[in-house]
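Next comes final-v5.cif, a file with mmCIF, C-alpha atoms.
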```
data_query
#
loop_
_atom_site.label_atom_id
_atom_site.label_comp_id
_atom_site.auth_asym_id
_atom_site.auth_seq_id
_atom_site.Cartn_x
_atom_site.Cartn_y
_atom_site.Cartn_z
CA MET J 1 109.20 70.55 63.47
CA MET J 2 110.24 74.14 63.41
CA LYS J 3 112.97 75.30 61.08
CA HIS J 4 115.78 77.43 62.50
CA LYS J 5 114.84 76.34 65.99
CA THR J 6 117.91 77.70 67.76
CA ALA J 7 117.47 81.11 66.19
CA TYR J 8 113.82 81.22 67.23
CA LEU J 9 114.62 80.20 70.79
CA GLY J 10 117.24 82.94 70.99
CA LEU J 11 114.67 85.42 69.75
CA PHE J 12 112.13 84.31 72.33
CA LEU J 13 114.72 84.49 75.09
CA ALA J 14 115.57 88.04 74.04
CA LEU J 15 111.88 88.92 74.02
CA ALA J 16 111.39 87.45 77.49
CA LEU J 17 114.40 89.41 78.79
CA ILE J 18 113.04 92.64 77.34
CA CYS J 19 109.76 91.98 79.16
CA SER J 20 111.74 91.48 82.37
CA TYR J 21 113.59 94.72 81.76
CA ILE J 22 110.43 96.70 81.10
CA GLU J 23 108.91 95.24 84.23
CA SER J 24 111.96 96.20 86.30
CA LEU J 25 111.41 99.81 85.16
CA ILE J 26 107.80 99.95 86.29
CA PRO J 27 107.50 100.79 89.97
CA PHE J 28 104.77 98.43 91.06
CA TYR J 29 104.60 98.55 94.84
CA PHE J 30 101.41 97.69 96.65
CA GLY J 31 102.95 97.66 100.10
CA ILE J 32 103.62 93.97 99.72
CA PRO J 33 106.66 92.63 97.92
CA GLY J 34 106.04 89.92 95.36
CA ILE J 35 103.20 91.49 93.38
CA LYS J 36 104.26 91.80 89.78
CA LEU J 37 102.58 92.06 86.44
CA GLY J 38 104.36 89.03 85.03
CA LEU J 39 104.84 90.33 81.49
CA THR J 40 107.32 87.57 80.68
CA ASN J 41 104.58 85.07 81.23
CA ILE J 42 103.09 86.25 77.92
CA VAL J 43 106.14 84.80 76.17
CA VAL J 44 106.01 81.58 78.19
CA VAL J 45 102.26 81.02 77.61
CA TRP J 46 102.60 81.90 73.94
CA MET J 47 105.48 79.42 73.52
CA LEU J 48 103.62 76.75 75.46
CA TYR J 49 100.81 76.94 72.90
CA THR J 50 102.64 77.60 69.66
CA ILE J 51 106.01 75.84 70.02
CA GLY J 52 106.09 73.29 72.79
CA ALA J 53 106.34 72.60 76.50
CA LYS J 54 110.06 71.72 76.53
CA GLU J 55 111.02 74.90 74.71
CA ALA J 56 108.76 77.08 76.85
CA PHE J 57 110.24 75.58 80.01
CA LEU J 58 113.79 76.11 78.77
CA ILE J 59 113.17 79.77 77.96
CA SER J 60 111.37 80.32 81.26
CA VAL J 61 114.28 78.94 83.30
CA LEU J 62 116.98 80.69 81.27
CA ARG J 63 115.07 83.97 81.43
CA ILE J 64 114.87 83.79 85.23
CA LEU J 65 118.60 83.07 85.53
CA ILE J 66 119.73 85.82 83.15
CA ALA J 67 117.23 88.42 84.38
CA GLY J 68 118.26 87.62 87.95
CA PHE J 69 121.90 88.35 87.17
CA LEU J 70 121.04 91.47 85.18
CA PHE J 71 118.33 93.15 87.25
CA GLY J 72 118.14 91.21 90.50
CA ASN J 73 120.23 89.25 92.95
CA PRO J 74 120.79 85.58 93.83
CA PHE J 75 117.76 85.67 96.11
CA SER J 76 115.43 87.04 93.50
CA ILE J 77 116.59 84.17 91.26
CA LEU J 78 115.69 81.63 93.93
CA TYR J 79 112.17 83.00 94.45
CA SER J 80 111.48 83.54 90.77
CA MET J 81 112.73 80.04 90.01
CA CYS J 82 110.42 78.42 92.58
CA GLY J 83 107.53 80.55 91.35
CA GLY J 84 108.35 80.01 87.67
CA ILE J 85 108.68 76.22 87.88
CA CYS J 86 105.60 75.85 90.09
CA SER J 87 103.60 78.03 87.73
CA PHE J 88 104.86 76.23 84.62
CA LEU J 89 104.05 72.75 85.90
CA MET J 90 100.50 73.77 86.83
CA MET J 91 99.95 75.44 83.46
CA LEU J 92 101.25 72.33 81.69
CA LEU J 93 98.97 70.12 83.77
CA LEU J 94 95.89 72.24 83.13
CA ARG J 95 96.68 72.55 79.45
CA SER J 96 97.11 68.78 79.06
CA THR J 97 93.48 68.24 80.16
CA LYS J 98 92.50 70.06 76.94
CA LYS J 99 89.37 71.28 78.66
CA PHE J 100 90.41 74.85 79.22
CA LYS J 101 91.42 77.89 77.20
CA VAL J 102 94.53 80.02 77.51
CA ILE J 103 92.83 82.37 79.95
CA SER J 104 92.33 79.66 82.60
CA VAL J 105 95.80 78.23 82.06
CA SER J 106 97.39 81.66 82.47
CA THR J 107 95.31 82.51 85.55
CA ILE J 108 96.35 79.25 87.23
CA GLY J 109 99.94 80.09 86.26
CA GLY J 110 99.68 83.51 87.90
CA ILE J 111 98.27 82.10 91.12
CA PHE J 112 100.79 79.27 91.38
CA HIS J 113 103.68 81.58 90.61
CA ASN J 114 102.87 83.42 93.81
CA ILE J 115 102.28 80.20 95.74
CA GLY J 116 105.73 78.94 94.68
CA GLN J 117 107.39 82.22 95.57
CA LEU J 118 105.70 82.52 98.94
CA SER J 119 106.61 78.93 99.83
CA ALA J 120 110.24 79.58 98.94
CA ALA J 121 110.22 82.73 101.07
CA CYS J 122 108.72 80.85 104.04
CA VAL J 123 111.44 78.21 103.81
CA VAL J 124 114.28 80.75 103.52
CA VAL J 125 113.29 83.01 106.39
CA GLU J 126 112.02 80.00 108.40
CA ASN J 127 108.86 81.83 109.36
CA LEU J 128 105.44 80.50 108.41
CA ASN J 129 103.74 83.76 109.34
CA LEU J 130 104.36 85.01 105.82
CA VAL J 131 101.24 83.04 104.95
CA TYR J 132 99.49 86.12 106.32
CA TYR J 133 100.04 87.69 102.91
CA ALA J 134 98.79 84.67 100.98
CA PRO J 135 95.20 85.88 100.36
CA VAL J 136 96.33 89.19 98.86
CA LEU J 137 99.14 87.56 96.86
CA LEU J 138 96.85 84.90 95.44
CA ILE J 139 94.22 87.44 94.42
CA ALA J 140 96.98 89.50 92.80
CA GLY J 141 98.15 86.36 90.98
CA PHE J 142 94.61 85.74 89.79
CA ILE J 143 94.21 89.25 88.38
CA THR J 144 97.63 89.47 86.70
CA GLY J 145 97.34 85.91 85.37
CA PHE J 146 93.92 86.76 83.93
CA LEU J 147 95.20 89.90 82.17
CA ILE J 148 98.26 88.08 80.83
CA GLY J 149 95.91 85.32 79.64
CA ILE J 150 93.84 87.78 77.58
CA ILE J 151 96.96 89.19 75.92
CA SER J 152 98.46 85.73 75.30
CA GLN J 153 95.20 84.46 73.80
CA GLU J 154 95.06 87.33 71.33
CA MET J 155 98.69 86.77 70.35
CA ILE J 156 98.15 83.06 69.83
CA LEU J 157 95.05 83.67 67.68
CA ARG J 158 96.55 86.50 65.65
CA LEU J 159 100.13 85.32 65.20
CA GLY J 160 99.35 81.62 65.05
CA LYS J 161 101.87 78.84 64.92
CA ARG J 162 105.36 79.60 63.74
CA ASP J 163 106.55 76.81 61.49
CA MET K 1 83.78 83.57 71.51
CA THR K 2 84.41 79.84 71.65
CA LYS K 3 87.93 80.37 70.41
CA ARG K 4 88.71 82.43 73.46
CA PHE K 5 86.44 81.29 76.20
CA ARG K 6 84.53 78.12 76.99
CA LYS K 7 82.01 77.21 79.63
CA ASN K 8 84.72 75.26 81.48
CA ASP K 9 86.81 78.40 81.79
CA GLY K 10 83.90 80.35 83.20
CA ILE K 11 83.21 77.68 85.82
CA LEU K 12 86.87 77.23 86.76
CA LEU K 13 87.61 80.95 87.02
CA LEU K 14 84.41 81.62 88.94
CA VAL K 15 85.16 78.85 91.45
CA ILE K 16 88.77 79.95 91.93
CA GLY K 17 87.74 83.58 92.20
CA LEU K 18 85.10 82.79 94.82
CA VAL K 19 87.51 80.61 96.81
CA LEU K 20 90.15 83.34 96.81
CA LEU K 21 87.61 85.97 97.75
CA ALA K 22 86.27 83.78 100.56
CA GLY K 23 89.85 83.21 101.73
CA TYR K 24 90.41 86.93 101.78
CA VAL K 25 87.23 87.66 103.71
CA VAL K 26 87.89 84.89 106.23
CA SER K 27 91.49 85.98 106.70
CA SER K 28 90.43 89.57 107.25
CA PHE K 29 88.61 88.41 110.40
CA PHE K 30 91.95 87.22 111.71
CA ARG K 31 93.62 90.45 110.77
CA GLY K 32 94.00 91.27 114.44
CA GLU K 33 94.07 94.46 116.36
CA THR K 34 96.84 96.93 116.79
CA GLY K 35 99.76 95.02 118.23
CA ALA K 36 101.93 95.72 121.25
CA LYS K 37 105.42 94.86 120.11
CA ALA K 38 107.63 94.12 117.16
CA VAL K 39 109.55 90.85 117.20
CA VAL K 40 112.60 90.68 114.98
CA THR K 41 113.84 87.28 113.88
CA VAL K 42 116.92 86.52 111.83
CA ALA K 43 116.92 83.15 110.05
CA GLY K 44 114.16 81.90 112.34
CA GLU K 45 115.92 82.90 115.59
CA VAL K 46 114.56 85.72 117.74
CA TYR K 47 116.87 88.72 117.53
CA GLY K 48 114.97 91.09 119.77
CA THR K 49 111.57 92.32 120.91
CA TYR K 50 110.68 96.00 120.91
CA PRO K 51 107.56 97.66 122.32
CA LEU K 52 105.59 99.69 119.79
CA ALA K 53 104.65 102.27 122.42
CA GLN K 54 108.21 103.51 122.58
CA ASP K 55 109.75 105.33 119.62
CA ASP K 56 113.01 103.67 118.72
CA GLU K 57 115.50 103.01 115.97
CA ILE K 58 117.01 99.56 115.91
CA GLU K 59 120.03 98.51 113.93
CA ILE K 60 119.72 94.86 113.05
CA LYS K 61 123.28 93.64 112.95
CA ILE K 62 124.27 90.63 110.91
CA ASP K 63 127.93 89.57 110.96
CA GLY K 64 128.84 92.81 112.72
CA ARG K 65 127.34 95.21 110.17
CA ALA K 66 124.01 97.00 110.41
CA ALA K 67 122.14 95.11 107.69
CA ASN K 68 118.73 96.68 108.33
CA VAL K 69 117.42 99.60 110.35
CA LEU K 70 113.99 99.29 111.91
CA GLN K 71 112.18 102.40 113.04
CA ILE K 72 109.41 102.38 115.60
CA LYS K 73 107.38 105.54 115.52
CA ASP K 74 103.79 106.43 116.45
CA GLY K 75 103.09 102.79 117.31
CA LYS K 76 104.16 101.54 113.88
CA ALA K 77 107.19 99.56 112.81
CA ASP K 78 108.86 100.43 109.53
CA MET K 79 112.05 99.28 107.88
CA ILE K 80 113.87 102.44 106.90
CA GLU K 81 117.21 101.12 105.71
CA ALA K 82 118.63 97.97 104.18
CA ASP K 83 121.99 97.33 102.60
CA CYS K 84 120.64 94.89 100.04
CA PRO K 85 120.16 95.93 96.40
CA ASP K 86 116.40 95.53 95.96
CA LYS K 87 115.21 97.22 99.18
CA LEU K 88 111.79 95.60 99.00
CA CYS K 89 111.49 95.67 102.78
CA VAL K 90 112.12 99.43 102.81
CA HIS K 91 109.40 99.97 100.22
CA GLN K 92 106.97 97.97 102.27
CA LYS K 93 104.58 100.09 104.29
CA ALA K 94 104.77 100.44 108.07
CA ILE K 95 103.06 97.70 110.08
CA GLU K 96 101.07 97.90 113.31
CA ARG K 97 98.52 95.07 113.42
CA THR K 98 99.22 91.68 114.96
CA ASN K 99 100.64 89.06 112.58
CA GLU K 100 101.66 91.67 110.03
CA THR K 101 105.23 91.17 108.88
CA ILE K 102 108.01 92.97 107.06
CA VAL K 103 110.43 90.60 105.40
CA CYS K 104 113.94 91.21 104.16
CA LEU K 105 114.58 88.11 102.12
CA PRO K 106 118.31 88.53 101.37
CA HIS K 107 119.10 88.90 105.10
CA LYS K 108 116.43 86.45 106.28
CA VAL K 109 115.11 89.15 108.60
CA VAL K 110 111.45 89.07 109.61
CA VAL K 111 109.79 91.79 111.66
CA GLU K 112 106.52 90.62 113.10
CA ILE K 113 103.90 92.40 115.18
CA GLN K 114 102.56 90.53 118.18
CA ASP K 115 100.11 91.43 120.91
CA ALA K 116 100.90 91.67 124.61
CA LYS K 117 99.58 88.17 125.41
CA GLU K 118 102.09 86.47 123.18
CA ALA K 119 104.77 88.48 124.95
CA ASP K 120 103.93 86.90 128.31
CA PHE K 121 103.89 83.48 126.75
CA ASP K 122 107.25 84.00 125.12
CA SER K 123 108.90 85.27 128.27
CA MET K 124 107.73 82.20 130.13
CA THR K 125 109.23 79.76 127.67
#
```

Before anything else, please render the file you have as structure tokens.
Amino acid sequence: MMKHKTAYLGLFLALALICSYIESLIPFYFGIPGIKLGLTNIVVVWMLYTIGAKEAFLISVLRILIAGFLFGNPFSILYSMCGGICSFLMMLLLRSTKKFKVISVSTIGGIFHNIGQLSAACVVVENLNLVYYAPVLLIAGFITGFLIGIISQEMILRLGKRD
Amino acid sequence: MTKRFRKNDGILLLVIGLVLLAGYVVSSFFRGETGAKAVVTVAGEVYGTYPLAQDDEIEIKIDGRAANVLQIKDGKADMIEADCPDKLCVHQKAIERTNETIVCLPHKVVVEIQDAKEADFDSMT
């Protein structure tokens, strides 16, 4: 069990929010809304491996809420939340098989983040034609998830468990 | 290497990558030709249909205010104004092929390109 747990969680939340802020500064338009680097996912993946699933989930949800109020709007919270929860559950599932490394877990997370977001968008605008963008969004999720996975893996190996 | 990458990862990532790539290739066959008209829907209901051949500027009014402005120019539809904070739909590039869409999530506005055939079908129903 980790000492000073509350302090650590606060620190991680702050780190996740800074990642959100940095990301909001980077103009990252590919003609399609919804493609993002997903820097905060580094913090979530890192926590999932070094601290625990419950804590990682908590920080992920809180980060989306706070970042939404700070840099976004109620709608961006809704989409991020659907994407974030969808992504987290899939990462947790894949991790629990213990057959795969961080890189696979993170890639699956990236893909399912976009699946969750796109599904939420389809429901809100009541138009299934948004699925038209699915192939590009999923490939984008694959690439960003893969990159985030490499970074997270290095952090986990180099920084190790905090206890 | 084993600390970072295992055979399982290679197989999984390769399979997913191939599936996504195949999905992309297959979907590009359905990417359609240049469309004939832009259909605007608000919250799933058709708001209006505008021919792409005719240059136009359409104010999409929600609750009496012009929430979005759609411009039709040179056979392309582009969202040029939105009164929401993120303006993702404005950043999105102009669309001209069938099934392409511009979405304004906060206002639930979807602009969709359709071909002439769908127009006849719609007018009949």

Would you list which chain K residues are within 8 Å of chain J using only C-alpha atoms, as a PyMOL selection string? chain K and resi 4-6+8-9+12-13+17+20-21+23-24+27+42-44+85-86+88-89+91-93+99-101+105-106+108-110

Could you jot down the CA of Val90 in chain K to CA of Leu39 in chain J separation for me, Å, one decimal place? 24.3 Å

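Here CA of Ala66 in chain K stands at a distance of 15.6 Å from CA of Asp78 in chain K.
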
Counting only C-alpha atoms, select every polymer residue within 12 Å of (114.8, 88.0, 117.9) as defined in the file's coordinates, and provide the selection as a PyMOL selection string. chain K and resi 37-50+58+60-61+108-112+122

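CA of Ala36 in chain K to CA of Val103 in chain K spans 18.7 Å [interatomic distance, one decimal].
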
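Closest approach to Ile35 in chain J from the set J:Gly68, J:Gly160, J:Gly10, J:Gly145 is made by J:Gly145, with distances taken over only C-alpha atoms.
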
From K:Val26, K:His107, K:Ala53, K:Ile80, residue lying nearest Arg65 in chain K [only C-alpha atoms]: K:His107

Can you tell me which residues surround Ala14 in chain J at a distance of at most 10 Å, considering all atoms listed in the file, apart from same-chain residues fewer than 6 positions away, and format the answer as a ChimeraX atom specification? /J:8,20,59,63

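Applied to the file shown here, the PyMOL selection byres ((chain J and resi 87) around 7) selects Gly83, Gly84, Ile85, Cys86, Phe88, Leu89, Met90, Met91, Gly109, Gly110, Phe112 and His113 of chain J.
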
Exactly which residues make up the result of the PyMOL selection byres ((chain K and resi 75) around 7) on this file, given as a list in words?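 So the PyMOL selection byres ((chain K and resi 75) around 7), applied here, picks out Leu52, Ala53, Ile72, Lys73, Asp74, Lys76, Ala77 and Glu96 of chain K.
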
Excluding Ala56 in chain J and any residue of its chain fewer than 3 positions from it, enumerate the residues within 6 Å of it, using only C-alpha atoms, and give them as a PDB file with C-alpha atoms, in the frame of the given file.
```
ATOM      1  CA  VAL J  44     106.010  81.580  78.190  1.00  0.00           C
ATOM      2  CA  MET J  47     105.480  79.420  73.520  1.00  0.00           C
ATOM      3  CA  LEU J  48     103.620  76.750  75.460  1.00  0.00           C
ATOM      4  CA  ALA J  53     106.340  72.600  76.500  1.00  0.00           C
ATOM      5  CA  ILE J  59     113.170  79.770  77.960  1.00  0.00           C
TER       6      ILE J  59
END
```

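Distances from J:Ala16, J:Arg158, J:Thr144, J:Glu23 to Leu65 in chain J were compared using all atoms listed in the file, and the smallest one belongs to J:Ala16.
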